[in-house]
Amino acid sequence: MGYDEPAMTLGGIFRSLFESGRTDIFAQYEILREAVSGTMSKFYKARDRKSGEVVGLKILDKKKTDQLEARFKGLKKPTEGEIAVSLEHPRIVKTYRHGITTKGEPYLVMEFLEGPGLNSLLIARDECLQGRRVDLLRQAAEALAEVHRMGFIHRDVCPRNFVVETSLESLKLIDFGLTVPATRGFMQPGNRTGTPNYMSPEVVRRRPTDHRLDIFSFGVSVYELLTFELPWTRGTDGTAALAHDTQEPVPIDRMRPDIDPVLARAVMQCLAADPQDRFATMEEFLKSIRRVKHEDRRAE
């Protein structure tokens, strides 16, 4: 036996132990197509080579994920995978498993949703949404209520993160990459994350936050669902949210004079600049619109 052999063998043992908890993701899953490339991940339509099941496969960018995690130094932040698998609700995408690839990249395996993102329908001003909006916004509220009930803040509520099933009759909330526990350490000023056009004033101004930042973002998303427009001038960069507490939002009934007034008041309350003036919970929002059946009061 040569001099170097024991060291090589020992190194191989350590390497094997290090990699034993990792998954050769492309050996386990056949990539059918790359569905979406995000800023922090790539998402694929894939097939489990053993079961034949078609799934969604999300592989995170390790460097960008590490940079995000570094914002919470000293805090025990659950991973996106840990959060996602804990959320089981009909209006939330189901995550089956998560782990680390052989390249050290976090990954998640989830149900594959065939339908379009809500943002695509809004950009297209798809008239197929007519008559379905109240059902869809109610489902979106139920999803967000469950996230909050489980003790989390989504932090990136926007139309892009709702996938509408092909029938356009239901939707599901996705993407928990920016989600954090609703505990004091994670609600301190300074964590400016989210999508600018939907970002609450307290986030953009680096003030203390709580779950009501999601209620604001939900309000912007629902306003857009109901009108195809935003309550403020649409921005193209990170400064888009600066107007969210310096300018009054355009009243939704000015954009939609036919809107049910109860629904109009509920949406505008979500958009209050001061979190204290918003609904305290998504359940309160749902309760406020419980008698609303149609977006258009003339349809009653």
# chains A, B, ... in the order shown; residues from 1 in each chain; ligands from 1
$ select_by_dssp --residues "segment 58-250 of chain A" --states "alpha helix (DSSP H)" --output "ChimeraX atom specification"
/A:62-69,80-86,118-123,133-149,201-204,212-227
$ write_last_selection --atoms "C-alpha atoms" --output "mmCIF file, in the first residue's frame"
data_model
loop_
_atom_site.group_PDB
_atom_site.id
_atom_site.type_symbol
_atom_site.label_atom_id
_atom_site.label_comp_id
_atom_site.auth_asym_id
_atom_site.auth_seq_id
_atom_site.Cartn_x
_atom_site.Cartn_y
_atom_site.Cartn_z
ATOM 1 C CA LYS A 62 -26.856 29.046 -3.784
ATOM 2 C CA LYS A 63 -24.976 32.340 -3.798
ATOM 3 C CA LYS A 64 -28.108 34.480 -3.842
ATOM 4 C CA THR A 65 -29.781 32.294 -1.218
ATOM 5 C CA ASP A 66 -26.743 32.638 1.048
ATOM 6 C CA GLN A 67 -26.823 36.425 0.588
ATOM 7 C CA LEU A 68 -30.476 36.518 1.644
ATOM 8 C CA GLU A 69 -29.848 34.274 4.639
ATOM 9 C CA GLU A 80 -37.718 27.955 2.111
ATOM 10 C CA GLY A 81 -38.142 24.193 1.899
ATOM 11 C CA GLU A 82 -38.891 23.848 5.601
ATOM 12 C CA ILE A 83 -41.506 26.595 5.396
ATOM 13 C CA ALA A 84 -43.100 25.301 2.203
ATOM 14 C CA VAL A 85 -43.562 21.704 3.381
ATOM 15 C CA SER A 86 -45.232 22.947 6.572
ATOM 16 C CA LEU A 118 -52.229 35.728 -12.363
ATOM 17 C CA ASN A 119 -49.842 38.448 -13.543
ATOM 18 C CA SER A 120 -49.994 37.068 -17.101
ATOM 19 C CA LEU A 121 -53.777 37.340 -17.124
ATOM 20 C CA LEU A 122 -53.619 40.897 -15.823
ATOM 21 C CA ILE A 123 -50.996 41.998 -18.315
ATOM 22 C CA ARG A 133 -62.690 37.814 -9.719
ATOM 23 C CA VAL A 134 -64.498 37.640 -6.375
ATOM 24 C CA ASP A 135 -63.955 33.891 -6.122
ATOM 25 C CA LEU A 136 -60.281 34.265 -6.998
ATOM 26 C CA LEU A 137 -59.561 37.100 -4.582
ATOM 27 C CA ARG A 138 -61.394 35.234 -1.812
ATOM 28 C CA GLN A 139 -59.214 32.169 -2.446
ATOM 29 C CA ALA A 140 -56.091 34.329 -2.431
ATOM 30 C CA ALA A 141 -57.153 35.779 0.923
ATOM 31 C CA GLU A 142 -57.724 32.282 2.323
ATOM 32 C CA ALA A 143 -54.221 31.240 1.250
ATOM 33 C CA LEU A 144 -52.644 34.244 2.896
ATOM 34 C CA ALA A 145 -54.717 33.767 6.041
ATOM 35 C CA GLU A 146 -53.269 30.252 6.335
ATOM 36 C CA VAL A 147 -49.692 31.517 5.937
ATOM 37 C CA HIS A 148 -50.311 33.952 8.781
ATOM 38 C CA ARG A 149 -52.071 31.330 10.892
ATOM 39 C CA PRO A 201 -44.705 51.769 3.049
ATOM 40 C CA GLU A 202 -43.202 50.288 6.211
ATOM 41 C CA VAL A 203 -41.017 47.970 4.150
ATOM 42 C CA VAL A 204 -39.758 50.584 1.709
ATOM 43 C CA ARG A 212 -49.935 43.502 7.805
ATOM 44 C CA LEU A 213 -47.306 44.235 5.168
ATOM 45 C CA ASP A 214 -48.792 41.227 3.345
ATOM 46 C CA ILE A 215 -52.282 42.695 3.719
ATOM 47 C CA PHE A 216 -51.117 45.861 1.955
ATOM 48 C CA SER A 217 -49.522 43.865 -0.882
ATOM 49 C CA PHE A 218 -52.663 41.773 -1.132
ATOM 50 C CA GLY A 219 -54.715 44.958 -1.433
ATOM 51 C CA VAL A 220 -52.578 46.214 -4.318
ATOM 52 C CA SER A 221 -52.848 42.827 -6.049
ATOM 53 C CA VAL A 222 -56.638 42.698 -5.662
ATOM 54 C CA TYR A 223 -56.995 46.303 -6.837
ATOM 55 C CA GLU A 224 -55.126 45.299 -9.993
ATOM 56 C CA LEU A 225 -57.240 42.156 -10.372
ATOM 57 C CA LEU A 226 -60.391 44.267 -10.275
ATOM 58 C CA THR A 227 -59.225 47.130 -12.494
#
$ select_by_dssp --residues "segment 92-148 of chain A" --states "strand (DSSP E or B)" --output "list of chain:residue names"
A:Ile92, A:Thr95, A:Tyr96, A:Arg97, A:His98, A:Gly99, A:Ile100, A:Thr101, A:Pro106, A:Tyr107, A:Leu108, A:Val109, A:Met110, A:Glu111, A:Gly117
$ residues_around --residues "Lys172 of chain A" --least-positions-apart "4" --cutoff "6 Å" --atoms "only C-alpha atoms" --output "compact mmCIF listing (two decimals) with N, CA and C atoms, in the first residue's frame"
# COMPACT_ATOMS: atom_id res chain seq x y z
N ARG A 91 -55.38 26.08 -1.11
CA ARG A 91 -55.08 27.27 -1.90
C ARG A 91 -53.59 27.60 -1.89
N ILE A 92 -52.77 26.65 -1.42
CA ILE A 92 -51.32 26.82 -1.40
C ILE A 92 -50.68 25.65 -2.13
N VAL A 93 -49.71 25.95 -3.01
CA VAL A 93 -49.04 24.88 -3.75
C VAL A 93 -48.45 23.88 -2.76
N PHE A 162 -49.32 34.03 -7.63
CA PHE A 162 -50.55 33.24 -7.62
C PHE A 162 -50.66 32.56 -8.98
N VAL A 163 -50.81 31.26 -8.98
CA VAL A 163 -51.00 30.52 -10.23
C VAL A 163 -52.46 30.15 -10.35
$ residues_around --residues "Tyr29 of chain A" --least-positions-apart "4" --cutoff "8 Å" --atoms "only C-alpha atoms" --output "NGL selection string"
:A and (25 or 46-49)
$ write_last_selection --atoms "C-alpha atoms" --output "PDB file, in the first residue's frame"
ATOM      1  CA  ILE A  25     -31.312  15.729  -8.660  1.00  0.00           C
ATOM      2  CA  ALA A  46     -39.891  17.411 -14.334  1.00  0.00           C
ATOM      3  CA  ARG A  47     -40.780  13.726 -14.064  1.00  0.00           C
ATOM      4  CA  ASP A  48     -39.807  11.486 -11.169  1.00  0.00           C
ATOM      5  CA  ARG A  49     -37.853   8.689 -12.851  1.00  0.00           C
TER       6      ARG A  49
END
$ closest_residue --among "A:Ser41, A:Gln28, A:Gln269, A:Thr195" --to "Glu53 of chain A" --atoms "only C-alpha atoms"
A:Gln28
$ residues_around --residues "Val164 of chain A" --least-positions-apart "4" --cutoff "7 Å" --atoms "only C-alpha atoms" --output "list in words"
Gly115, Pro116, Gly117, Leu118, Leu168, Ser170, Leu171 and Lys172 of chain A
$ write_last_selection --atoms "C-alpha atoms" --output "mmCIF file, in the first residue's frame"
data_model
loop_
_atom_site.group_PDB
_atom_site.id
_atom_site.type_symbol
_atom_site.label_atom_id
_atom_site.label_comp_id
_atom_site.auth_asym_id
_atom_site.auth_seq_id
_atom_site.Cartn_x
_atom_site.Cartn_y
_atom_site.Cartn_z
ATOM 1 C CA GLY A 115 -52.168 27.241 -15.343
ATOM 2 C CA PRO A 116 -50.855 30.767 -15.932
ATOM 3 C CA GLY A 117 -49.598 33.182 -13.348
ATOM 4 C CA LEU A 118 -52.229 35.728 -12.363
ATOM 5 C CA LEU A 168 -59.658 29.989 -14.261
ATOM 6 C CA SER A 170 -59.226 28.574 -8.678
ATOM 7 C CA LEU A 171 -55.722 29.649 -7.799
ATOM 8 C CA LYS A 172 -52.848 28.773 -5.494
#
$ residues_around --residues "Asp260 of chain A" --least-positions-apart "6" --cutoff "9 Å" --atoms "only C-alpha atoms" --output "list in words"
Asp253, Val292, His294, Glu295, Asp296, Arg297 and Arg298 of chain A
$ closest_residue --among "A:Thr95, A:Thr281, A:Ser288, A:Thr236" --to "Val55 of chain A" --atoms "only C-alpha atoms"
A:Thr95
